[in-house]
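S.K.: What follows is a single structure, and I will ask about it in a moment.
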Amino acid sequence: MEDLLNLDVSPYTDRIIAEYIWIGGSGTDVRSKSRTISKPVEHPSELPKWNYDGSSTGQAPGEDSEVILHPQAIFKDPFRGGNNILVICDAYTPQGEPIPTNKRAKAAEIFSDPKVVAQVPWFGIEQEYTLLQPNVNWPLGWPVGGYPGPQGPYYCGAGADKSFGRDISDAHYKACLYAGINISGTNGEVMPGQWEFQVGPSVGIEAGDHIWCARYLLERITEQAGVVLTLDPKPIEGDWNGAGCHTNYSTITMREDGGFEVIKKAILNLSLRHKEHISAYGEGNERRLTGKHETASINQFSWGVANRGCSIRVGRDTEKAGKGYLEDRRPASNMDPYTVTGLLAETTILWEPSLEAEALAAQKLALNV
Amino acid sequence: MCDLPSDCFSINGTHSSPPKHSLKIFEIIIFKMALLNDLINLNLTDSTKKIIAEYIWIGGSGMDLRSKARTLPEPVSDPKKLPKWNYDGSSTNQAPGEDSEVILYPQAIFKDPFRGGNNILVICDAYTPAGEPIPTNKRHAAAKIFSRPEVEKEVPWYGIEQEYTLLQKDINWPLGWPQGGFPGPQGPYYCGIGADKAFGRDVVDAHYKACLYAGINISGINGEVMPGQWEFQVGPSVGISAGDEIWAARYILERITEIAGFVVSFDPKPIPGDWNGAGAHTNYSTKSMREEGGYEIIKKAIEKLGLRHKEHIAAYGEGNERRLTGRHETANINTFKWGVANRGASIRVGRDTEKEGKGYFEDRRPASNMDPYVVTSMIAETTILL
């Protein structure tokens, strides 16, 4: 069976298989189906639009169920190999309107605004996730009916008593590199059975496409391993870390000399839209952002250099060099990267607070801009 | 390895003719794992120049190894060309939460036996953002000693014999020992073979080849006196590289036991009573010791070590007092003595060295959980600089 799965058909035919991938009705369920394309393609615009049964994914009523898929990004398929591809799509009504759960369309609009384009926004996203044993839905490596020893030894740890599921993390790393996803690293996390991978730096809308494709690959790999993937931001209550999706962000002016001032102004803007951002940063985040376990409390906005207990953290290198990037630590692991990246660009590049609001916030946060 | 429900694997031994249903599950699990393995073993050199670098460092206890990986744009062979990095020191007891960044300086590169291709393992040490070595960074001070001209001139060689014990996961009882009981007394196990005498050879053999592949100077292995206990030797290594190679070898060992589902212990006396402890005997020589008349230099060096016995012992590993009892091929922790071919001594000189009038000596005091940077540099300092 393996031989058939790994069959390289390219000597026999020009045809390739394209796996069209989209996001379902919950906003975090990923769906896919495949079709044969007559020959290899380079650009998503060469791929045909397609459609799927939206009534089966909570995205359309039964009597008018067709949802149209617009191909947006192509990646190499690490499971099928050869010239076969994965295609990240977003979903539209037959009239051409983005359906309500399509967050990419809005983000693409923001990222094509000339002011945003000029700023060349970079994103580095740190996706945390937890692996669960199937059927019992208890974290991988944890004794069923009990708990492992407390957090401490697991962060970046090695050993059969400290690291659970490395095969998945490692297989995923190579699969992403093969696919052409801009994966920049991985590490074992503080809670046992929890892992992280990072994607970036990606420009604009790419960040979202790469993260969704990486999430798709991860779920296909856990499917093979017989393990369940969860992006819940607080999978286990109590003295166990939650799972986030810290988003590192910079614009061209932040990366140039004098950038630290631009960063502080951006933080100021973000502080004035804290509620809007939080409501878009993932369901269930209030269970995670408690002020403990390396988080800031959900109701308070704070920032600091090298401070992991803040909403926004600025690295020491950035402070030292006077330019660099900021880390928004608020997004939950189940956030939508299109929404978060778009909102960061919007709030820091397109939105302006009133002068009084700005002055008040500057004082409160000790930000002299 | 993934923790799959164990009933998927209980295929052999319980049925004379396994029911069709459970055979199918077994096949599916095996072939799914095979697909996972295809991804893990993917050779990326055909699709990209990028490589994966696993940065390795020592955590807050001084013995816990940590690592995380990053992508680099192309192959690198010189550690000086690798970027510095940082990690969350508040998660490893090495920094407070409100000032958590600890900086990693790459110091040594080895080939990655798990990822293959041009992927690498990088041994690092840890600094504050201001550039000071953090308190648990023992490499920095050792590197200083090894770069002193008097020490460099002597080209110090080290051969380190790392002993370790394999434990069954969850119960933390040595591998091969009956749960709730003990195996037959020591005797048959040292370098033994057979299912009733050698427990965990796969781990040891896999480790041997992995280290050779990685570029570590591994010189040998053997089964030890206590059942479930093993030893590998690294050397001869010059100066600071002895420490780098031992830490890389320890990391590879822990990754392999992780795959095998066993726990590795570097405790110097894992089982109290009439069972051997685990040491890290350190063989040592300088250029003058290796040349004609070297035996006199060796005797002088041993004398100097005798005068600093307490200082060395304090730096030779936590819990060593449970191991250095004077029995089980050790010298008592409070006594310093040396002898030719004497395994009950603190320092042992081999018969060949005595015969040829030159060679090396073996410091038998270090425990298996010693820090090789500390031990190697301390021996150099005491015998060359003081």
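We label chains A, B, ... in the order they appear in the structure tokens, count residues from 1 in each chain, and number ligands from 1 in the order shown.
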For chain A, which residues have at least one atom within 6 Å of chain B, if we go by only C-alpha atoms? Write them as a PyMOL selection string, please.
M.R.: chain A and resi 156-160+165+171+184-187+224+306-308
S.K.: Taking the DSSP assignment computed from this structure's backbone, write out as a ChimeraX atom specification all residues of segment 314-374 of chain B that belong to strand (DSSP E or B).
M.R.: /B:338-340,347-349,361-363,367
S.K.: Identify all residues of segment 93-304 of chain B in helix (DSSP H, G or I) (DSSP on the backbone) and supply them as a PyMOL selection string.
M.R.: chain B and resi 97-99+139-146+149-154+201-214+241-260+287-290+294-304
S.K.: Tell me, in Å to one decimal, how far atom CA of Ala108 of chain B is from atom CA of Lys209 of chain B.
M.R.: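 Computed distance, atom CA of Ala108 of chain B to atom CA of Lys209 of chain B, equals 19.3 Å.
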S.K.: Could you give me, as a PyMOL selection string, the residues within 10 Å of segment 141-148 of chain B, counting only C-alpha atoms and dropping anything in the same chain fewer than 6 positions from it?
M.R.: chain B and resi 133+154-156+238-241+243+372-378+380-381+385
S.K.: Write to file, as a compact mmCIF listing (two decimals), in the first residue's frame, the residues of the selection just made, with C-alpha atoms.
M.R.:
```txt
# COMPACT_ATOMS: atom_id res chain seq x y z
CA PRO B 133 27.99 34.30 31.47
CA GLU B 154 50.76 21.60 27.23
CA VAL B 155 48.03 20.42 24.80
CA PRO B 156 45.90 18.76 27.51
CA VAL B 238 41.93 18.52 23.41
CA GLY B 239 40.99 21.16 25.95
CA ILE B 240 37.51 22.63 25.75
CA SER B 241 36.30 20.19 23.08
CA GLY B 243 33.31 19.17 27.39
CA PRO B 372 32.91 18.01 32.04
CA TYR B 373 33.77 21.72 31.55
CA VAL B 374 34.36 22.07 35.29
CA VAL B 375 36.28 18.82 35.76
CA THR B 376 38.55 19.13 32.73
CA SER B 377 39.46 22.74 33.37
CA MET B 378 39.98 22.18 37.08
CA ALA B 380 44.31 21.57 33.97
CA GLU B 381 44.31 24.46 36.40
CA LEU B 385 48.70 26.74 36.57
```
S.K.: I'd like the contact shell of Gly291 of chain A - 12 Å cut-off, only C-alpha atoms, skipping same-chain residues fewer than 3 positions apart - returned as number ranges by chain.
M.R.: A: 241-242, 285-288, 294-302, 308-311, 329-330; B: 97
S.K.: Those residues with N, CA and C atoms, as a tab-separated table (two decimals), in the first residue's frame please?
M.R.:
```tsv
chain	number	residue	atom	x	y	z
A	241	ASN	N	0.40	25.74	31.67
A	241	ASN	CA	0.40	26.82	30.68
A	241	ASN	C	-0.70	26.66	29.64
A	242	GLY	N	-1.18	27.77	29.13
A	242	GLY	CA	-2.11	27.75	28.01
A	242	GLY	C	-1.32	27.70	26.71
A	285	ASN	N	-10.05	32.87	25.04
A	285	ASN	CA	-8.77	33.44	25.48
A	285	ASN	C	-8.81	33.89	26.93
A	286	GLU	N	-10.04	34.15	27.45
A	286	GLU	CA	-10.14	34.61	28.85
A	286	GLU	C	-9.73	33.51	29.82
A	287	ARG	N	-9.80	32.25	29.38
A	287	ARG	CA	-9.34	31.15	30.24
A	287	ARG	C	-7.81	31.12	30.29
A	288	ARG	N	-7.19	31.71	29.28
A	288	ARG	CA	-5.72	31.66	29.17
A	288	ARG	C	-5.05	32.93	29.69
A	294	GLU	N	3.03	33.27	32.41
A	294	GLU	CA	3.64	34.06	31.34
A	294	GLU	C	2.62	34.74	30.44
A	295	THR	N	1.49	35.18	31.03
A	295	THR	CA	0.53	35.98	30.27
A	295	THR	C	0.23	37.27	31.05
A	296	ALA	N	-0.35	38.24	30.32
A	296	ALA	CA	-0.87	39.45	30.98
A	296	ALA	C	-2.37	39.24	31.14
A	297	SER	N	-2.98	39.85	32.14
A	297	SER	CA	-4.42	39.69	32.33
A	297	SER	C	-5.18	40.27	31.14
A	298	ILE	N	-6.30	39.61	30.79
A	298	ILE	CA	-7.02	39.96	29.56
A	298	ILE	C	-7.58	41.39	29.61
A	299	ASN	N	-7.84	41.91	30.80
A	299	ASN	CA	-8.47	43.22	30.89
A	299	ASN	C	-7.47	44.37	30.90
A	300	GLN	N	-6.18	44.03	31.06
A	300	GLN	CA	-5.20	45.10	31.16
A	300	GLN	C	-4.22	45.07	30.02
A	301	PHE	N	-3.91	46.24	29.48
A	301	PHE	CA	-2.90	46.34	28.45
A	301	PHE	C	-1.59	46.77	29.10
A	302	SER	N	-0.51	46.05	28.80
A	302	SER	CA	0.80	46.43	29.34
A	302	SER	C	1.86	46.12	28.31
A	308	ARG	N	7.84	38.78	29.86
A	308	ARG	CA	6.90	37.80	29.33
A	308	ARG	C	5.53	37.87	29.99
A	309	GLY	N	5.37	38.72	30.99
A	309	GLY	CA	4.07	38.87	31.63
A	309	GLY	C	3.29	40.05	31.09
A	310	CYS	N	3.70	40.59	29.92
A	310	CYS	CA	3.05	41.77	29.34
A	310	CYS	C	2.20	41.41	28.13
A	311	SER	N	1.33	42.34	27.72
A	311	SER	CA	0.56	42.15	26.50
A	311	SER	C	1.50	42.23	25.29
A	329	ARG	N	1.69	39.36	22.52
A	329	ARG	CA	1.55	38.07	23.19
A	329	ARG	C	0.09	37.71	23.48
A	330	ARG	N	-0.83	38.55	23.02
A	330	ARG	CA	-2.22	38.32	23.38
A	330	ARG	C	-2.93	37.24	22.56
B	97	GLY	N	10.80	36.17	35.29
B	97	GLY	CA	9.80	36.38	34.23
B	97	GLY	C	9.82	37.76	33.62
```
S.K.: Skip Leu131 of chain A itself and residues of its chain fewer than 6 positions away, then list as a PDB file with N, CA, C and O atoms, in the first residue's frame all residues within 7 Å of it, counting only C-alpha atoms.
M.R.:
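So the final result, stored in result30.pdb, reads:
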```pdb
ATOM      1  N   PRO A 139      -3.902  14.880  27.434  1.00  0.00           N
ATOM      2  CA  PRO A 139      -2.659  15.169  26.718  1.00  0.00           C
ATOM      3  C   PRO A 139      -1.723  13.974  26.570  1.00  0.00           C
ATOM      4  O   PRO A 139      -1.641  13.106  27.449  1.00  0.00           O
ATOM      5  N   LEU A 140      -1.023  13.969  25.426  1.00  0.00           N
ATOM      6  CA  LEU A 140      -0.085  12.909  25.111  1.00  0.00           C
ATOM      7  C   LEU A 140       1.003  12.818  26.179  1.00  0.00           C
ATOM      8  O   LEU A 140       1.565  13.832  26.589  1.00  0.00           O
ATOM      9  N   GLY A 193       3.526  17.703  26.426  1.00  0.00           N
ATOM     10  CA  GLY A 193       2.602  17.358  25.352  1.00  0.00           C
ATOM     11  C   GLY A 193       2.277  18.563  24.488  1.00  0.00           C
ATOM     12  O   GLY A 193       1.518  18.469  23.524  1.00  0.00           O
ATOM     13  N   GLN A 194       2.876  19.728  24.846  1.00  0.00           N
ATOM     14  CA  GLN A 194       2.607  20.942  24.090  1.00  0.00           C
ATOM     15  C   GLN A 194       3.842  21.311  23.285  1.00  0.00           C
ATOM     16  O   GLN A 194       4.968  21.165  23.762  1.00  0.00           O
ATOM     17  N   VAL A 227      -2.911  10.638  16.706  1.00  0.00           N
ATOM     18  CA  VAL A 227      -2.931  11.520  17.866  1.00  0.00           C
ATOM     19  C   VAL A 227      -3.860  12.688  17.530  1.00  0.00           C
ATOM     20  O   VAL A 227      -3.999  13.045  16.362  1.00  0.00           O
ATOM     21  N   VAL A 228      -4.496  13.289  18.531  1.00  0.00           N
ATOM     22  CA  VAL A 228      -5.441  14.380  18.259  1.00  0.00           C
ATOM     23  C   VAL A 228      -4.775  15.734  18.486  1.00  0.00           C
ATOM     24  O   VAL A 228      -4.085  15.943  19.476  1.00  0.00           O
ATOM     25  N   LEU A 229      -5.006  16.656  17.541  1.00  0.00           N
ATOM     26  CA  LEU A 229      -4.440  17.995  17.660  1.00  0.00           C
ATOM     27  C   LEU A 229      -5.478  18.928  18.252  1.00  0.00           C
ATOM     28  O   LEU A 229      -6.638  18.897  17.839  1.00  0.00           O
ATOM     29  N   THR A 230      -5.084  19.748  19.234  1.00  0.00           N
ATOM     30  CA  THR A 230      -6.006  20.784  19.678  1.00  0.00           C
ATOM     31  C   THR A 230      -5.330  22.142  19.674  1.00  0.00           C
ATOM     32  O   THR A 230      -4.168  22.273  20.085  1.00  0.00           O
TER      33      THR A 230
END
```
S.K.: Mind checking which residues fall within 10 Å of Arg364 of chain B, counting only C-alpha atoms, ignoring those fewer than 2 positions away in the same chain, and posting them as a ChimeraX atom specification?
M.R.: /B:161,279-283,324,329-331,338,343-348,361-362,366-367
S.K.: Rank nothing, just name the residue among A:Arg215, A:Arg15, A:Arg35, A:Lys115 nearest to Asn334 of chain A, using only C-alpha atoms.
M.R.: A:Arg215
S.K.: For Asp77 of chain A, find every residue with an atom within 6 Å (counting only C-alpha atoms), except residues of its own chain fewer than 6 positions away, and show them as number ranges by chain.
M.R.: A: 84-86, 179
S.K.: Please indicate the distance in Å from atom CA of Leu4 of chain A to atom CA of Leu47 of chain A, rounded to one decimal place.
M.R.: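 Going from atom CA of Leu4 of chain A over to atom CA of Leu47 of chain A, I get 26.2 Å.
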S.K.: Using only C-alpha atoms, can you tell me which of A:Cys89, A:Ile263, A:Leu355, A:Leu360 comes closest to Gly324 of chain A?
M.R.: A:Ile263
S.K.: May I ask for the distance between atom CA of Phe110 of chain B and atom CA of Gln233 of chain B, given in Å to one decimal place?
M.R.: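 Separating atom CA of Phe110 of chain B from atom CA of Gln233 of chain B is a distance of 17.2 Å.
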